[in-house]
Amino acid sequence: MSEEGHRDRKGGVMQKVIMGNHALSYGAVVSRAQVIPAYPITPQTEVVSLLSELCADKVLDAKFIKVESEHSAMAAAIGASAVGARTFTATSAQGLALMHEMIHWAVGARLPVVLGNINRAMGPPWTIWTEQNDSLSQRDTGVLQFYCESIQEILDTVILAFKVSERVYLPSMIVLDAFVLSHTSENCDIPDVRLVDKYLPPYKLKYKMDWRHPHAFGGLTSPDWYYELRYKIELAMEQARGEIRKADLEFKRTFGRSYGLVEPYRCKDAELIVIASSTIAGTARLVVDELREKGEKVGLLRIRVFRPFPCDEVRKILKTAKKVCVIDRNISFGHSGIFFQEVKSSMYNSQFHPPIFGFIAGLGGRDVTPDVIKEIVEYTESHEQPEDKIWIGVKR
Amino acid sequence: MDRSEKMKLTIPEIELMTPGHLACQGCGATLAMRYTLKALGQKTMLFIPACCWSVLDGPFPYSSLDVPIFHTAFETAASVASGARAGLDILGDKETNVVSWAGDGGTFDIGIQALSGAAERNDNIIYVCYDNEAYMNTGIQRSSATPRHSWTTTTPEKHPKTAPKKNMVDIMAAHRIPYTATASIAYPEDLIRKMEKAKSIVGTKFIHIFAPCPTGWKTPPEICVKLARLAVQTKVFPLYEIEYGLQYTINKKPRGTPVIEYLKLQGRFRHLTQDDVEEIQKNVDREWEILIRKAEATRDLANPSSA
């Protein structure tokens, strides 16, 4: 982007009230994304319409490719990334499902594409409201996943995700709730692009498509080698944990903000810990404060990074709790909520594992209000035997 | 002294394909690649979806080509190339030829959406379809490029294909891209000229190369080139080019060998009746007549690029 693009007159940080979707766009702008292939879908549309305008206006020096599907969006992102261009795209729900094959491809090809996904429930029936089943269906692809709670966090995570992805050569997905966050406006610091330059060095691909060095990428690989390539992806995921922590610390030093892999809130002496992600965590924080005032020892653990899963952090924080409840705005049919499963499996082999209750709430964008969260806390407090799948507010 | 100074070579000397590839004997697709790279030269990169060439280049860590290859998912030959072109452009490389290299299944069937998208945007890529008229890599299943009456494992002799071959060239021409052409491995000079022309044009170029498959067509490997030549001579696969989707030029006007001369050499047509052959001849004659009329009707058009 041009040097003057998004600074205020004093040359510092620009404050702007923006919607969640535009936080993704500005994140891509200050990260100097070079190729943006995208296809529209409600509720993601504003992300790409702003970017297409900024590219056309040359505010961002990037190629915007108006592809004919999300499958092609991710395919084009892969092609651009493979020749050494920093690449961003965004989608939602059906679009993400259509991209699925190519998310596997970006991971296998070890290309650090960054994409935004607005959590929207899957059809049929047609729906546009929030739910996490779209992004969580990408769980086993090898894409890094960040679940955001605020507008600022979205923008900051785009920058951080490029840094981490380009270190470990895996793609990243930044996830936010449909409407509740995508179409909510908040005040946001849009950092000076020169400050971002200091934090995020230019994208350098170790092995790229270049006629001077002709290699064949992704050719037929026998069982003698495929296994090792998968092992290396897992090593990169493990490396990503450390890289996220490092990038987060450096982010704090550069921009004065940090997020961690998880965000514990009043957990130190908490007897009951509520686990939530995305915007439900914001509502839960309010409930925790209210219950604390009444003398109840309740805390909140927000899980921000889903892949790689922050097992160590979760174990450490839950160690001293007497009870845990996990709120899932998603469900793995035939089992239970997905964050619940992840938390439970992280705890099983540790010495201390409190009873963990699993709650399903807010599917298809049903409001998860403070009262809903209080009901979840009361249920957990009043039951001794933990249950895997408690449906809150379902009309039976 | 350069050999080209001693005698006039009609085919560039440069070799970017080495022996050691994994193709079947007499594979037409290998000749298609060899001639294409001779024409395009070293500054070329290939984007290859699932097709015979995704195997026959050689397994990891080997490659039989001296240009970079990015293997990609079946339906993405065009879209991955579009992204690569955009990436190279923004990085300041306008020179490298970005080539999608796909079979007929990856072009006529599963990849047509991405190809249509790239063509509509007029992305600056060369899209090559090497057409062996079926899914050969998976073991000879019909594609929409398989000709009517042909045997494949999904169109057995008792139930041969009833639908005609899809006219992919006209579909591409309908996008009004700057250059669309057919080519054949039996006419290397013509193929190379077309590739060189494609290289010189900015925008989407579509080259449809006829590449017989001895394994899938049930023919002896040594007659591969002969079959490709017969396909042109019988007018089954005419050689022509279309500029801006409007101006048709026929490059070879054969006298018209009867189609039976082409069909009788192939096991995939072994079951044809006299009536079938007559019907095929009629269709070939009609298609040729349509092509002649298109070429005549568009001959006097002003350069369509300025329209």
# chains A, B, ... in the order shown; residues from 1 in each chain; ligands from 1
>>> interface_residues(of="chain B", to="chain A", cutoff="9 Å", atoms="only C-alpha atoms", output="number ranges by chain")
B: 42-45, 47, 54-55, 57-63, 65-73, 75-91, 96, 113-114, 116-118, 121
>>> write_last_selection(atoms="C-alpha atoms", output="PDB file, in the first residue's frame")
ATOM      1  CA  GLN B  42      13.090 -22.619 -20.766  1.00  0.00           C
ATOM      2  CA  LYS B  43      11.170 -19.711 -19.225  1.00  0.00           C
ATOM      3  CA  THR B  44       8.087 -21.817 -18.743  1.00  0.00           C
ATOM      4  CA  MET B  45       6.278 -23.268 -15.744  1.00  0.00           C
ATOM      5  CA  PHE B  47       0.577 -26.479 -13.696  1.00  0.00           C
ATOM      6  CA  SER B  54       0.866 -36.220 -13.275  1.00  0.00           C
ATOM      7  CA  VAL B  55       2.305 -39.718 -13.223  1.00  0.00           C
ATOM      8  CA  ASP B  57       6.758 -37.058 -15.401  1.00  0.00           C
ATOM      9  CA  GLY B  58       8.306 -39.430 -12.864  1.00  0.00           C
ATOM     10  CA  PRO B  59       7.659 -40.163  -9.199  1.00  0.00           C
ATOM     11  CA  PHE B  60       9.088 -38.028  -6.367  1.00  0.00           C
ATOM     12  CA  PRO B  61      11.961 -37.077  -6.303  1.00  0.00           C
ATOM     13  CA  TYR B  62      12.404 -37.447 -10.080  1.00  0.00           C
ATOM     14  CA  SER B  63      11.222 -35.318 -12.980  1.00  0.00           C
ATOM     15  CA  LEU B  65      11.223 -32.178 -17.528  1.00  0.00           C
ATOM     16  CA  ASP B  66      13.659 -29.324 -17.246  1.00  0.00           C
ATOM     17  CA  VAL B  67      10.974 -26.783 -16.341  1.00  0.00           C
ATOM     18  CA  PRO B  68       9.241 -26.346 -12.966  1.00  0.00           C
ATOM     19  CA  ILE B  69       6.050 -28.318 -12.430  1.00  0.00           C
ATOM     20  CA  PHE B  70       3.342 -27.713  -9.852  1.00  0.00           C
ATOM     21  CA  HIS B  71       1.081 -30.734  -9.502  1.00  0.00           C
ATOM     22  CA  THR B  72      -2.412 -29.662  -8.553  1.00  0.00           C
ATOM     23  CA  ALA B  73      -5.926 -30.950  -7.916  1.00  0.00           C
ATOM     24  CA  GLU B  75     -10.265 -29.262 -11.381  1.00  0.00           C
ATOM     25  CA  THR B  76      -7.693 -26.511 -10.843  1.00  0.00           C
ATOM     26  CA  ALA B  77      -5.354 -26.431 -13.863  1.00  0.00           C
ATOM     27  CA  ALA B  78      -6.646 -23.008 -14.883  1.00  0.00           C
ATOM     28  CA  SER B  79      -7.267 -21.449 -11.466  1.00  0.00           C
ATOM     29  CA  VAL B  80      -3.860 -22.339 -10.013  1.00  0.00           C
ATOM     30  CA  ALA B  81      -2.251 -20.937 -13.168  1.00  0.00           C
ATOM     31  CA  SER B  82      -4.326 -17.738 -12.866  1.00  0.00           C
ATOM     32  CA  GLY B  83      -3.020 -17.283  -9.332  1.00  0.00           C
ATOM     33  CA  ALA B  84       0.557 -17.963 -10.394  1.00  0.00           C
ATOM     34  CA  ARG B  85       0.260 -15.428 -13.228  1.00  0.00           C
ATOM     35  CA  ALA B  86      -1.037 -12.791 -10.801  1.00  0.00           C
ATOM     36  CA  GLY B  87       1.770 -13.626  -8.371  1.00  0.00           C
ATOM     37  CA  LEU B  88       4.473 -13.373 -11.045  1.00  0.00           C
ATOM     38  CA  ASP B  89       3.001 -10.126 -12.370  1.00  0.00           C
ATOM     39  CA  ILE B  90       2.974  -8.455  -8.961  1.00  0.00           C
ATOM     40  CA  LEU B  91       6.557  -9.642  -8.399  1.00  0.00           C
ATOM     41  CA  THR B  96       7.628 -16.550 -17.685  1.00  0.00           C
ATOM     42  CA  GLN B 113     -15.565 -24.219 -14.614  1.00  0.00           C
ATOM     43  CA  ALA B 114     -12.134 -22.962 -13.600  1.00  0.00           C
ATOM     44  CA  SER B 116     -14.192 -20.799 -18.187  1.00  0.00           C
ATOM     45  CA  GLY B 117     -13.491 -18.444 -15.276  1.00  0.00           C
ATOM     46  CA  ALA B 118      -9.904 -17.838 -16.374  1.00  0.00           C
ATOM     47  CA  ARG B 121     -11.221 -12.864 -17.108  1.00  0.00           C
TER      48      ARG B 121
END
>>> residues_around(residues="B:Pro214", least_positions_apart="3", cutoff="9 Å", atoms="only C-alpha atoms", output="list of chain:residue names")
B:Cys24, B:Gln25, B:Gly26, B:Cys27, B:Gly28, B:Trp217, B:Lys218, B:Thr219, B:Pro220, B:Pro221, B:Glu222, B:Ile223, B:Cys224, B:Gln266
>>> write_last_selection(atoms="C-alpha atoms", output="compact mmCIF listing (two decimals), in the first residue's frame")
# COMPACT_ATOMS: atom_id res chain seq x y z
CA CYS B 24 3.33 -46.21 -22.05
CA GLN B 25 5.01 -47.09 -25.32
CA GLY B 26 3.90 -44.90 -28.18
CA CYS B 27 2.23 -42.32 -25.92
CA GLY B 28 0.98 -39.30 -27.87
CA TRP B 217 -7.47 -46.99 -28.05
CA LYS B 218 -6.27 -50.59 -28.34
CA THR B 219 -3.77 -49.84 -31.06
CA PRO B 220 -0.14 -50.87 -31.63
CA PRO B 221 2.23 -48.23 -30.14
CA GLU B 222 4.13 -47.74 -33.40
CA ILE B 223 1.13 -46.28 -35.26
CA CYS B 224 0.45 -43.46 -32.79
CA GLN B 266 -8.43 -49.06 -33.48
>>> select_by_dssp(residues="stretch 146-271 of chain B", states="alpha helix (DSSP H)", output="NGL selection string")
:B and (168-173 or 188-200 or 214-217 or 224-233 or 259-263)
>>> closest_residue(among="A:Gly256, A:Ile103, A:Lys163, A:Pro43", to="A:Leu176", atoms="only C-alpha atoms")
A:Pro43
>>> residues_around(residues="B:Thr298", least_positions_apart="6", cutoff="7 Å", atoms="only C-alpha atoms", output="list in words")
Leu246, Gln247 and Tyr248 of chain B
>>> residues_around(residues="stretch 316-327 of chain A", least_positions_apart="6", cutoff="8 Å", atoms="only C-alpha atoms", output="list in words")
Pro264, Cys267, Lys268, Asp269, Ala270, Glu271, Leu272, Ile273, Val274, Ile275, Ala276, Gly337, Phe339, Phe340, Phe352, His353, Pro354, Pro355, Ile356, Phe357, Gly358, Phe359, Ile360, Ala361, Ile376, Val377, Thr380 and Glu381 of chain A
>>> residues_around(residues="B:Gly106", least_positions_apart="5", cutoff="8 Å", atoms="only C-alpha atoms", output="list in words")
Pro49, Ala50, Cys51, Phe74, Glu75, Ala77, Gly111 and Ile112 of chain B
>>> write_last_selection(atoms="C-alpha atoms", output="PDB file, in the first residue's frame")
ATOM      1  CA  PRO B  49      -3.770 -31.445 -12.588  1.00  0.00           C
ATOM      2  CA  ALA B  50      -4.559 -35.144 -12.198  1.00  0.00           C
ATOM      3  CA  CYS B  51      -3.966 -36.703 -15.636  1.00  0.00           C
ATOM      4  CA  PHE B  74      -7.990 -32.266 -10.815  1.00  0.00           C
ATOM      5  CA  GLU B  75     -10.265 -29.262 -11.381  1.00  0.00           C
ATOM      6  CA  ALA B  77      -5.354 -26.431 -13.863  1.00  0.00           C
ATOM      7  CA  GLY B 111     -11.904 -28.437 -14.924  1.00  0.00           C
ATOM      8  CA  ILE B 112     -14.281 -26.609 -17.280  1.00  0.00           C
TER       9      ILE B 112
END
>>> atom_distance(atom1="atom CA of A:Arg304", atom2="atom CA of A:Phe255")
18.9 Å
>>> residues_around(residues="B:Arg268", least_positions_apart="4", cutoff="12 Å", atoms="only C-alpha atoms", output="VMD selection string")
chain B and resid 133 to 134 140 to 142 146 to 153 155 to 157 160 to 161 212 to 219 262 to 264 272
>>> atom_distance(atom1="atom CA of B:Val169", atom2="atom CA of A:Glu70")
25.9 Å
>>> closest_residue(among="B:Ile242, B:Val259, B:Ile177, B:Ile290", to="B:Asn124", atoms="only C-alpha atoms")
B:Ile177
>>> residues_around(residues="B:Ile260", least_positions_apart="5", cutoff="9 Å", atoms="only C-alpha atoms", output="list in words")
Thr234, Leu265, Val277, Glu278 and Gln281 of chain B
>>> write_last_selection(atoms="N, CA and C atoms", output="tab-separated table (two decimals), in the first residue's frame")
chain	number	residue	atom	x	y	z
B	234	THR	N	-8.65	-37.53	-42.35
B	234	THR	CA	-10.06	-37.94	-42.48
B	234	THR	C	-11.01	-36.83	-42.04
B	265	LEU	N	-8.27	-49.17	-37.64
B	265	LEU	CA	-6.99	-49.48	-36.99
B	265	LEU	C	-7.12	-49.56	-35.47
B	277	VAL	N	-20.42	-46.71	-39.02
B	277	VAL	CA	-19.34	-46.06	-39.77
B	277	VAL	C	-19.93	-44.99	-40.70
B	278	GLU	N	-21.03	-45.34	-41.34
B	278	GLU	CA	-21.67	-44.37	-42.24
B	278	GLU	C	-22.13	-43.13	-41.48
B	281	GLN	N	-19.15	-41.03	-40.68
B	281	GLN	CA	-18.71	-40.32	-41.89
B	281	GLN	C	-19.60	-39.09	-42.15
>>> select_by_dssp(residues="stretch 53-279 of chain B", states="strand (DSSP E or B)", output="VMD selection string")
chain B and resid 65 69 to 71 97 to 103 126 to 131 135 141 152 155 179 to 184 205 to 210 240 to 243 247 to 250
>>> atom_distance(atom1="atom CA of A:Trp391", atom2="atom CA of A:Gly362")
9.6 Å
>>> closest_residue(among="B:Ala181, B:Cys129, B:Ile280, B:Ala228", to="B:Thr107", atoms="only C-alpha atoms")
B:Cys129
>>> decode(residues="stretch 269-288 of chain B", atoms="N, CA and C atoms", output="CSV table (one decimal), in the first residue's frame")
chain,number,residue,atom,x,y,z
B,269,PHE,N,-13.0,-49.2,-31.7
B,269,PHE,CA,-14.1,-49.1,-32.7
B,269,PHE,C,-14.4,-50.4,-33.3
B,270,ARG,N,-13.8,-51.5,-32.8
B,270,ARG,CA,-13.8,-52.8,-33.4
B,270,ARG,C,-15.3,-53.3,-33.6
B,271,HIS,N,-16.2,-52.9,-32.7
B,271,HIS,CA,-17.5,-53.4,-32.7
B,271,HIS,C,-18.4,-52.6,-33.7
B,272,LEU,N,-17.9,-51.6,-34.4
B,272,LEU,CA,-18.8,-50.7,-35.2
B,272,LEU,C,-19.4,-51.5,-36.3
B,273,THR,N,-20.7,-51.2,-36.6
B,273,THR,CA,-21.4,-51.8,-37.8
B,273,THR,C,-21.2,-50.9,-39.0
B,274,GLN,N,-21.6,-51.4,-40.1
B,274,GLN,CA,-21.5,-50.6,-41.3
B,274,GLN,C,-22.3,-49.2,-41.2
B,275,ASP,N,-23.5,-49.4,-40.5
B,275,ASP,CA,-24.3,-48.2,-40.3
B,275,ASP,C,-23.6,-47.2,-39.4
B,276,ASP,N,-23.0,-47.7,-38.3
B,276,ASP,CA,-22.2,-46.8,-37.4
B,276,ASP,C,-21.2,-46.0,-38.2
B,277,VAL,N,-20.4,-46.7,-39.0
B,277,VAL,CA,-19.3,-46.1,-39.8
B,277,VAL,C,-19.9,-45.0,-40.7
B,278,GLU,N,-21.0,-45.3,-41.3
B,278,GLU,CA,-21.7,-44.4,-42.2
B,278,GLU,C,-22.1,-43.1,-41.5
B,279,GLU,N,-22.7,-43.4,-40.3
B,279,GLU,CA,-23.1,-42.2,-39.5
B,279,GLU,C,-22.0,-41.4,-39.1
B,280,ILE,N,-20.9,-42.0,-38.7
B,280,ILE,CA,-19.7,-41.2,-38.3
B,280,ILE,C,-19.2,-40.4,-39.5
B,281,GLN,N,-19.2,-41.0,-40.7
B,281,GLN,CA,-18.7,-40.3,-41.9
B,281,GLN,C,-19.6,-39.1,-42.2
B,282,LYS,N,-20.9,-39.3,-42.0
B,282,LYS,CA,-21.8,-38.2,-42.3
B,282,LYS,C,-21.6,-37.0,-41.3
B,283,ASN,N,-21.4,-37.4,-40.0
B,283,ASN,CA,-21.2,-36.4,-39.0
B,283,ASN,C,-19.9,-35.6,-39.3
B,284,VAL,N,-18.9,-36.3,-39.6
B,284,VAL,CA,-17.6,-35.7,-39.9
B,284,VAL,C,-17.7,-34.8,-41.1
B,285,ASP,N,-18.4,-35.2,-42.1
B,285,ASP,CA,-18.6,-34.4,-43.3
B,285,ASP,C,-19.4,-33.1,-43.0
B,286,ARG,N,-20.4,-33.3,-42.1
B,286,ARG,CA,-21.2,-32.1,-41.8
B,286,ARG,C,-20.4,-31.1,-40.9
B,287,GLU,N,-19.7,-31.6,-40.0
B,287,GLU,CA,-18.9,-30.8,-39.1
B,287,GLU,C,-17.8,-30.0,-39.9
B,288,TRP,N,-17.2,-30.7,-40.9
B,288,TRP,CA,-16.3,-30.1,-41.8
B,288,TRP,C,-16.9,-28.9,-42.6
